[in-house]
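*Asks:* Here you go, one structure.
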Amino acid sequence: MKDNYLYVDVAVPVSIFDTFIYRLDRRKLEKLKDHQLIGRRVLLPFNQTKHIGIIIDLKGEFNPDEADFEIKDIEEIPDKYPIYTQDYIDILRELSEFYLSPIGLTLYYGIPDSLRWKYDKSKNRWDRKGFNNYILYPSVENIDSLHLTKRQREVLEFLISKGEASYEELTELGFSRRVIENLLKKGLIKKENLFFLEENKSRHSIKQDIKPFGNDLIKIGAFLYSSESFEKRLETYINIIANNIYEGKSSLLIFPNVKTLKKVYTYLKGIFGEKVYIYFDGLSSKKKIDTWFNLKRLNGTICLGTFSSIFIPIKNLSLIVLEEEHSNSYKMLRAPRFDIRNVAYKIFQKKKNLTLIYASSVPSVETVYLKAKKVIKSFKGINLNFPKANIFIKNTDYSTLIKELKDIIKERNNVLIITNRRGYSSYLFCEKCNLEIKCARCDIPLKVFKSPKRLECPICKTKYKYIDRCFKCDNSLEERGFGIEKLKENIEKFFPRKDITFETNIIDKEFLLDDFDTVINIFPEIYLYNNDFRSEERFFRSILYPIYKTKKDYFLITKSLDNLPIESLLKEDLNLFYKKELEKRKILGYPPFRQFILLSFEGKNLTKSKVESLFNEWVKKFDIKEIEYEGVFFAFHPYLRENYRYQIILKDFKKKNLLKELFYMATKKSIKLVIDVSPKEIK
DNA sequence: AGCACGCCGACT
DNA sequence: GTCGGCGTGCTC
């Protein structure tokens, strides 16, 4: 009788670090074509509800009679094939230990969102959220003469009044799927995927003029690939990919944003045809699932994706490229708080025969350090070369900014203006009350936007109606500071015919923008105001990156002149920055020399003393002797989304497992603890 | 993470 | 009486 059942370890998506043992009826397994169990998605009863889980181990010799807990049965196996392969389960397990991220949540957030089903207890059914991931638009303006049911009329009226709505929005309002489907069938409304992707229909496979280079180019190893333009780098990748395809090997190219991804996709699709796949969060649900399983099954594919594509268990993976490796978008902001650079390196270590390329025009300090330590090598033996452009530094302040800009632009055309300030004005000020108008949820001054006119919290993005009178004293409010909208308005007024482009940020957009004759970079020192050890690096990148887009003259308008990035720029020596920055970080004990773990405590009525006593209680309970830390201090944004926030930075803390205990202790006290191993920003 | 239970103050 | 906020306990 006992032999009719198997026992398996399941990772359940809850914030618990353990896995859970479930029983599986062998008959359920025998029904499947593919008998592999590891990496499979399963539907489970869990506590008072249900969850999907992922099988990560088989309990061969497990004796259920000896267990001191009730063992529940797996209810269903919904997929034809496992989602993960054994090696990816192993890699993600190791990473979840390293980043102190619960294994269940780690695996859960790796898979396409449309497979992350949730159980709705009140409706007693599985919510397959994401399957209808599209926006609906009305195709007609007037519905008076149409034959419609009451519900259809209501949906159409709603869509016409609002212009558009997501499927989710409509179902939340109580409209059924059937009503929406009927309207679609009648052609009265149309749907569009959240991100519309233009399909390149070309069916031809590899172009004639692309010949594989042979093995002299493809080296196994991890590399830093720097200083060549993206177009040059892409040429190199195409050659490696072509060679890989001939050998049935697959390639993964990761980009920091979707716009870049789409541009490269169209280009590569023209060369490699149906071998090319694209994967990013905004893709339609079906497409994401199809792509996932195709890449897992087929030989010799190419995947272009954003950070989430690193989790796809691609078959015969031989090349991983991380473009713009310095990008902040490679540090995940939700659980698991992985750094994709590190995930890629883990995959490289686990799989033999893999080429891993970290590419960037201005690489991160950490990656340059890895190269210096010979952990990674230099691709093609290229060093950091300084780009060619005439550099002018202007020490100007805001009062003379417009005049300065007019003088520069007067004689020129094809100009790019960069200023990292969104909106029209920086904030609204009441002179009588001496106060800034702030976000009710974050206590941060609201930015003024003109199109459309509104106030917006720069942190939580909550939008407010514009006001011109103080809500306390009714005094008229004053707009202070400037944003790109205001700058644009002022400049275009003087030069209505000039060819001028405005951008807030061009980092990570290297291949979206053409080169400009003249580039003007306004007050990039805003990057220095972040209270973070990587601020100088960000400032360095923000003053250097525009040079790669400059054909002739580069104007840097700044008041922050006495610092290492400016010195390196003036001496035209990139290595100087990396050398001195690394020396500084070594002396001050910053990463990559010391490992940081950032603990962020958040709660509705949380006080500093509550956090202190929790932390001290933990230190005492586990008798922790060797611990070095800074804090408890207020977070850079101490009040965010109606929560108070406090932080502690642990330095080189070895007993990571004890942090799981701290996490549980915090949970018991209703304090949300976010553990960020190797944080990208302290904020 | 998500659910239930129990306590307590506020409001009918 | 009972509604809701939140502290606590539990999850194979």
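Residue numbers start at 1 in each chain; chains themselves are named A, B, ... in the order of the structure tokens; ligands are numbered from 1 in the order shown.
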For chain A, work out the contacting residues on chain C at 8 Å, counting only C-alpha atoms (C1' of nucleotides), and write them as a list in words.
*Replies:*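 Selected residues: DG7, DT8, DC10, DT11 and DC12 of chain C.
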*Asks:* Atoms to include: N, CA and C atoms (P, O5', C5', C4', C3', O3' and C1' of nucleotides). Write the selected residues as a PDB file, in the first residue's frame.
*Replies:*
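Wrote out-v4.pdb, looks like this:
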```pdb
ATOM      1  P    DG C   7       0.418  45.683  16.510  1.00  0.00           P
ATOM      2  O5'  DG C   7       0.943  44.504  17.474  1.00  0.00           O
ATOM      3  C5'  DG C   7       0.388  44.371  18.768  1.00  0.00           C
ATOM      4  C4'  DG C   7       0.212  42.907  19.125  1.00  0.00           C
ATOM      5  C3'  DG C   7       1.413  42.011  18.783  1.00  0.00           C
ATOM      6  O3'  DG C   7       1.661  41.184  19.918  1.00  0.00           O
ATOM      7  C1'  DG C   7      -0.553  41.086  17.855  1.00  0.00           C
ATOM      8  P    DT C   8       2.805  40.120  19.982  1.00  0.00           P
ATOM      9  O5'  DT C   8       2.075  38.775  19.522  1.00  0.00           O
ATOM     10  C5'  DT C   8       1.136  38.154  20.395  1.00  0.00           C
ATOM     11  C4'  DT C   8       0.775  36.793  19.844  1.00  0.00           C
ATOM     12  C3'  DT C   8       1.974  35.937  19.375  1.00  0.00           C
ATOM     13  O3'  DT C   8       1.810  34.630  19.881  1.00  0.00           O
ATOM     14  C1'  DT C   8       0.381  36.083  17.657  1.00  0.00           C
ATOM     15  P    DC C  10       1.816  27.664  17.303  1.00  0.00           P
ATOM     16  O5'  DC C  10       1.589  27.421  15.756  1.00  0.00           O
ATOM     17  C5'  DC C  10       0.349  26.906  15.304  1.00  0.00           C
ATOM     18  C4'  DC C  10       0.366  26.869  13.800  1.00  0.00           C
ATOM     19  C3'  DC C  10       1.609  26.185  13.220  1.00  0.00           C
ATOM     20  O3'  DC C  10       1.213  25.017  12.533  1.00  0.00           O
ATOM     21  C1'  DC C  10       1.095  28.225  12.089  1.00  0.00           C
ATOM     22  P    DT C  11       2.311  23.964  12.008  1.00  0.00           P
ATOM     23  O5'  DT C  11       2.010  23.966  10.448  1.00  0.00           O
ATOM     24  C5'  DT C  11       0.674  24.132   9.984  1.00  0.00           C
ATOM     25  C4'  DT C  11       0.718  24.674   8.580  1.00  0.00           C
ATOM     26  C3'  DT C  11       1.738  23.990   7.680  1.00  0.00           C
ATOM     27  O3'  DT C  11       1.197  23.887   6.364  1.00  0.00           O
ATOM     28  C1'  DT C  11       2.154  26.277   7.693  1.00  0.00           C
ATOM     29  P    DC C  12       0.555  22.641   5.784  1.00  0.00           P
ATOM     30  O5'  DC C  12       1.300  21.536   6.612  1.00  0.00           O
ATOM     31  C5'  DC C  12       1.480  20.222   6.302  1.00  0.00           C
ATOM     32  C4'  DC C  12       2.066  19.965   4.957  1.00  0.00           C
ATOM     33  C3'  DC C  12       2.386  18.501   4.749  1.00  0.00           C
ATOM     34  O3'  DC C  12       2.378  18.206   3.388  1.00  0.00           O
ATOM     35  C1'  DC C  12       4.405  19.714   5.145  1.00  0.00           C
TER      36       DC C  12
END
```
*Asks:* Can you check which parts of chain B lie within 10 Å of chain A? Per residue, the shortest pair of atoms and distance in Å to one decimal, counting only C-alpha atoms (C1' of nucleotides), sorted by chain and number, as a Markdown table.
*Replies:*
```
| residue | atom | partner | partner_atom | distance |
| --- | --- | --- | --- | --- |
| B:DA1 | C1' | A:Val14 | CA | 4.6 |
| B:DG2 | C1' | A:Thr49 | CA | 8.0 |
| B:DC3 | C1' | A:Gln48 | CA | 6.0 |
| B:DA4 | C1' | A:Gln48 | CA | 8.3 |
```
*Asks:* Export N, CA and C atoms (P, O5', C5', C4', C3', O3' and C1' of nucleotides) of the chosen residues as a compact mmCIF listing (two decimals), in the first residue's frame?
*Replies:*
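Written output follows (result.txt):
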```txt
# COMPACT_ATOMS: atom_id res chain seq x y z
P DA B 1 6.37 38.74 2.34
O5' DA B 1 5.42 37.46 2.07
C5' DA B 1 5.09 37.21 0.72
C4' DA B 1 3.91 36.29 0.63
C3' DA B 1 2.55 36.95 0.86
O3' DA B 1 1.65 36.39 -0.08
C1' DA B 1 2.88 35.26 2.47
P DG B 2 0.14 37.02 -0.21
O5' DG B 2 -0.66 36.10 0.82
C5' DG B 2 -0.76 34.72 0.55
C4' DG B 2 -1.60 34.09 1.63
C3' DG B 2 -2.85 34.89 1.98
O3' DG B 2 -3.89 33.96 2.14
C1' DG B 2 -1.62 34.48 3.91
P DC B 3 -5.43 34.39 2.10
O5' DC B 3 -6.01 33.74 3.42
C5' DC B 3 -5.84 32.34 3.63
C4' DC B 3 -5.81 32.09 5.10
C3' DC B 3 -6.98 32.71 5.85
O3' DC B 3 -7.85 31.68 6.28
C1' DC B 3 -4.91 32.92 7.02
P DA B 4 -9.27 32.06 6.94
O5' DA B 4 -8.94 31.82 8.48
C5' DA B 4 -8.54 30.53 8.93
C4' DA B 4 -8.26 30.60 10.42
C3' DA B 4 -9.38 31.21 11.25
O3' DA B 4 -9.53 30.46 12.43
C1' DA B 4 -7.39 32.39 11.62
```
*Asks:* Please give the complete set of residues from region 522-635 of chain A that DSSP, run on the backbone, assigns to alpha helix (DSSP H), formatted as a VMD selection string.
*Replies:* chain A and resid 535 to 544 564 to 570 574 to 588 608 to 621
*Asks:* Restricting the output to N, CA and C atoms, write the selected residues as a tab-separated table (two decimals), in the first residue's frame.
*Replies:*
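Printed below is result11.tsv as written:
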```
chain	number	residue	atom	x	y	z
A	535	SER	N	27.79	56.77	-5.08
A	535	SER	CA	27.37	58.03	-5.71
A	535	SER	C	28.41	58.55	-6.70
A	536	GLU	N	29.68	58.51	-6.31
A	536	GLU	CA	30.74	59.03	-7.19
A	536	GLU	C	30.81	58.22	-8.47
A	537	GLU	N	30.61	56.92	-8.36
A	537	GLU	CA	30.62	56.06	-9.55
A	537	GLU	C	29.48	56.46	-10.48
A	538	ARG	N	28.31	56.72	-9.90
A	538	ARG	CA	27.17	57.12	-10.72
A	538	ARG	C	27.41	58.46	-11.38
A	539	PHE	N	27.99	59.38	-10.62
A	539	PHE	CA	28.34	60.70	-11.15
A	539	PHE	C	29.34	60.54	-12.30
A	540	PHE	N	30.34	59.70	-12.08
A	540	PHE	CA	31.35	59.43	-13.09
A	540	PHE	C	30.70	58.94	-14.39
A	541	ARG	N	29.81	57.97	-14.25
A	541	ARG	CA	29.15	57.41	-15.43
A	541	ARG	C	28.28	58.47	-16.12
A	542	SER	N	27.63	59.30	-15.29
A	542	SER	CA	26.72	60.29	-15.88
A	542	SER	C	27.46	61.40	-16.61
A	543	ILE	N	28.71	61.68	-16.22
A	543	ILE	CA	29.46	62.71	-16.97
A	543	ILE	C	30.22	62.10	-18.14
A	544	LEU	N	30.51	60.81	-18.06
A	544	LEU	CA	31.30	60.17	-19.10
A	544	LEU	C	30.47	59.62	-20.25
A	564	LEU	N	37.10	63.27	-7.92
A	564	LEU	CA	37.85	62.32	-8.75
A	564	LEU	C	37.26	62.12	-10.15
A	565	PRO	N	35.93	61.98	-10.29
A	565	PRO	CA	35.39	61.82	-11.64
A	565	PRO	C	35.78	62.96	-12.59
A	566	ILE	N	35.70	64.21	-12.10
A	566	ILE	CA	36.06	65.36	-12.93
A	566	ILE	C	37.56	65.33	-13.25
A	567	GLU	N	38.34	64.98	-12.26
A	567	GLU	CA	39.80	64.89	-12.47
A	567	GLU	C	40.12	63.87	-13.56
A	568	SER	N	39.47	62.70	-13.49
A	568	SER	CA	39.71	61.65	-14.49
A	568	SER	C	39.27	62.10	-15.88
A	569	LEU	N	38.18	62.85	-15.90
A	569	LEU	CA	37.66	63.35	-17.17
A	569	LEU	C	38.65	64.34	-17.79
A	570	LEU	N	39.15	65.27	-16.96
A	570	LEU	CA	40.06	66.29	-17.46
A	570	LEU	C	41.39	65.69	-17.91
A	574	LEU	N	40.49	57.06	-17.86
A	574	LEU	CA	39.43	56.29	-17.19
A	574	LEU	C	40.00	55.40	-16.09
A	575	ASN	N	41.15	54.82	-16.38
A	575	ASN	CA	41.73	53.90	-15.39
A	575	ASN	C	42.05	54.60	-14.07
A	576	LEU	N	42.35	55.90	-14.18
A	576	LEU	CA	42.64	56.67	-12.97
A	576	LEU	C	41.46	56.63	-12.01
A	577	PHE	N	40.26	56.81	-12.57
A	577	PHE	CA	39.07	56.77	-11.71
A	577	PHE	C	38.95	55.42	-11.01
A	578	TYR	N	39.04	54.34	-11.80
A	578	TYR	CA	38.85	53.01	-11.22
A	578	TYR	C	39.92	52.71	-10.17
A	579	LYS	N	41.14	53.12	-10.47
A	579	LYS	CA	42.26	52.84	-9.55
A	579	LYS	C	42.03	53.55	-8.21
A	580	LYS	N	41.74	54.86	-8.29
A	580	LYS	CA	41.60	55.64	-7.06
A	580	LYS	C	40.32	55.31	-6.31
A	581	GLU	N	39.26	55.05	-7.06
A	581	GLU	CA	37.99	54.69	-6.43
A	581	GLU	C	38.15	53.39	-5.64
A	582	LEU	N	38.87	52.43	-6.24
A	582	LEU	CA	39.09	51.16	-5.54
A	582	LEU	C	39.96	51.35	-4.30
A	583	GLU	N	40.97	52.22	-4.43
A	583	GLU	CA	41.81	52.51	-3.25
A	583	GLU	C	40.97	53.09	-2.12
A	584	LYS	N	40.09	54.02	-2.49
A	584	LYS	CA	39.23	54.67	-1.50
A	584	LYS	C	38.31	53.65	-0.82
A	585	ARG	N	37.71	52.79	-1.63
A	585	ARG	CA	36.78	51.82	-1.07
A	585	ARG	C	37.51	50.84	-0.16
A	586	LYS	N	38.76	50.55	-0.50
A	586	LYS	CA	39.54	49.63	0.35
A	586	LYS	C	39.79	50.26	1.71
A	587	ILE	N	40.21	51.53	1.69
A	587	ILE	CA	40.51	52.22	2.95
A	587	ILE	C	39.25	52.38	3.80
A	588	LEU	N	38.14	52.74	3.16
A	588	LEU	CA	36.91	53.00	3.92
A	588	LEU	C	36.10	51.72	4.23
A	608	LYS	N	12.38	53.78	16.31
A	608	LYS	CA	13.79	53.40	16.33
A	608	LYS	C	14.08	52.47	17.51
A	609	SER	N	13.48	52.77	18.67
A	609	SER	CA	13.77	51.96	19.85
A	609	SER	C	13.22	50.54	19.71
A	610	LYS	N	12.09	50.39	19.00
A	610	LYS	CA	11.55	49.05	18.76
A	610	LYS	C	12.54	48.23	17.95
A	611	VAL	N	13.11	48.86	16.92
A	611	VAL	CA	14.08	48.17	16.07
A	611	VAL	C	15.33	47.82	16.87
A	612	GLU	N	15.79	48.79	17.67
A	612	GLU	CA	16.98	48.56	18.49
A	612	GLU	C	16.77	47.39	19.44
A	613	SER	N	15.61	47.34	20.09
A	613	SER	CA	15.40	46.26	21.06
A	613	SER	C	15.26	44.91	20.37
A	614	LEU	N	14.63	44.90	19.19
A	614	LEU	CA	14.55	43.65	18.42
A	614	LEU	C	15.94	43.15	18.05
A	615	PHE	N	16.76	44.07	17.57
A	615	PHE	CA	18.12	43.71	17.12
A	615	PHE	C	18.96	43.21	18.31
A	616	ASN	N	18.87	43.94	19.43
A	616	ASN	CA	19.64	43.55	20.62
A	616	ASN	C	19.18	42.20	21.18
A	617	GLU	N	17.88	42.00	21.13
A	617	GLU	CA	17.31	40.73	21.60
A	617	GLU	C	17.87	39.56	20.79
A	618	TRP	N	17.96	39.80	19.47
A	618	TRP	CA	18.49	38.78	18.55
A	618	TRP	C	19.98	38.49	18.84
A	619	VAL	N	20.76	39.57	19.02
A	619	VAL	CA	22.20	39.42	19.31
A	619	VAL	C	22.39	38.63	20.60
A	620	LYS	N	21.56	38.92	21.60
A	620	LYS	CA	21.67	38.27	22.91
A	620	LYS	C	21.23	36.81	22.82
A	621	LYS	N	20.10	36.59	22.17
A	621	LYS	CA	19.52	35.25	22.10
A	621	LYS	C	20.48	34.25	21.45
```
*Asks:* Just give me the gap between CA of Ile103 (chain A) and CA of Gly631 (chain A) in Å, one decimal is fine.
*Replies:* 28.3 Å
*Asks:* Show me, as a PyMOL selection string, the residues that have an atom within 10 Å of Arg151 (chain A) when counting only C-alpha atoms (C1' of nucleotides), minus same-chain residues fewer than 4 positions from it.
*Replies:* chain A and resi 155-157+174-176+179-180
*Asks:* For N, CA and C atoms, I'd like the residues from the last selection saved as a PDB file, in the first residue's frame.
*Replies:*
```pdb
ATOM      1  N   VAL A 155     -20.247  48.078 -20.602  1.00  0.00           N
ATOM      2  CA  VAL A 155     -18.798  47.954 -20.857  1.00  0.00           C
ATOM      3  C   VAL A 155     -18.354  48.984 -21.882  1.00  0.00           C
ATOM      4  N   LEU A 156     -19.109  49.083 -22.992  1.00  0.00           N
ATOM      5  CA  LEU A 156     -18.742  50.020 -24.053  1.00  0.00           C
ATOM      6  C   LEU A 156     -18.777  51.464 -23.579  1.00  0.00           C
ATOM      7  N   GLU A 157     -19.819  51.801 -22.827  1.00  0.00           N
ATOM      8  CA  GLU A 157     -19.919  53.170 -22.300  1.00  0.00           C
ATOM      9  C   GLU A 157     -18.722  53.485 -21.412  1.00  0.00           C
ATOM     10  N   GLY A 174     -16.769  43.887 -12.193  1.00  0.00           N
ATOM     11  CA  GLY A 174     -17.874  42.943 -12.182  1.00  0.00           C
ATOM     12  C   GLY A 174     -18.363  42.521 -13.559  1.00  0.00           C
ATOM     13  N   PHE A 175     -17.632  42.922 -14.626  1.00  0.00           N
ATOM     14  CA  PHE A 175     -18.019  42.484 -15.968  1.00  0.00           C
ATOM     15  C   PHE A 175     -17.436  41.105 -16.238  1.00  0.00           C
ATOM     16  N   SER A 176     -18.220  40.268 -16.882  1.00  0.00           N
ATOM     17  CA  SER A 176     -17.757  38.900 -17.102  1.00  0.00           C
ATOM     18  C   SER A 176     -16.915  38.797 -18.370  1.00  0.00           C
ATOM     19  N   VAL A 179     -18.985  38.779 -21.737  1.00  0.00           N
ATOM     20  CA  VAL A 179     -19.405  40.076 -22.270  1.00  0.00           C
ATOM     21  C   VAL A 179     -18.282  40.701 -23.097  1.00  0.00           C
ATOM     22  N   ILE A 180     -17.068  40.659 -22.546  1.00  0.00           N
ATOM     23  CA  ILE A 180     -15.910  41.243 -23.230  1.00  0.00           C
ATOM     24  C   ILE A 180     -15.616  40.479 -24.524  1.00  0.00           C
TER      25      ILE A 180
END
```
*Asks:* Can you list, as a list of chain:residue names, every residue of region 235-294 of chain A that DSSP puts in strand (DSSP E or B)?
*Replies:*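 Going through region 235-294 of chain A, the strand (DSSP E or B) residues come out as A:Ser250, A:Ser251, A:Leu252, A:Leu253, A:Ile254, A:Val276, A:Tyr277, A:Ile278, A:Tyr279.
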*Asks:* Write the residues of the preceding selection, restricted to C-alpha atoms, as a PDB file, in the first residue's frame.
*Replies:*
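Dumped to out21.pdb:
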```pdb
ATOM      1  CA  SER A 250      22.176  28.386 -27.578  1.00  0.00           C
ATOM      2  CA  SER A 251      22.920  32.000 -26.718  1.00  0.00           C
ATOM      3  CA  LEU A 252      21.351  34.409 -24.228  1.00  0.00           C
ATOM      4  CA  LEU A 253      21.703  38.182 -24.612  1.00  0.00           C
ATOM      5  CA  ILE A 254      20.422  40.279 -21.737  1.00  0.00           C
ATOM      6  CA  VAL A 276      15.449  34.172 -32.250  1.00  0.00           C
ATOM      7  CA  TYR A 277      13.223  34.423 -29.181  1.00  0.00           C
ATOM      8  CA  ILE A 278      12.397  37.401 -27.018  1.00  0.00           C
ATOM      9  CA  TYR A 279      11.451  37.328 -23.343  1.00  0.00           C
TER      10      TYR A 279
END
```
*Asks:* Write out as a ChimeraX atom specification the residues lying within 12 Å of DG1 (chain C), counting only C-alpha atoms (C1' of nucleotides) and excluding same-chain residues fewer than 2 positions away.
*Replies:* /B:11-12 /C:3
*Asks:* Report as an MDAnalysis selection string all protein, DNA and RNA residues lying within 12 Å of region 343-351 of chain A, evaluated on only C-alpha atoms (C1' of nucleotides), omitting residues in the same chain fewer than 2 positions from it.
*Replies:* chainID A and resid 86:96 98:99 110 220:223 252:254 307:322 325 330:332 336:341 353:358 367 370 375:376
*Asks:* Tell me which of A:Gly305, A:Gly423, A:Gly300, A:Gly104 sits closest to Phe482 (chain A), counting only C-alpha atoms.
*Replies:*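 Between A:Gly305, A:Gly423, A:Gly300, A:Gly104, the residue approaching Phe482 (chain A) most closely is A:Gly423.
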*Asks:* Can you list, as a ChimeraX atom specification, every protein, DNA or RNA residue that comes within 12 Å of DG5 (chain C) when you count only C-alpha atoms (C1' of nucleotides), leaving out same-chain residues fewer than 4 positions away?
*Replies:* /A:604 /B:7-10
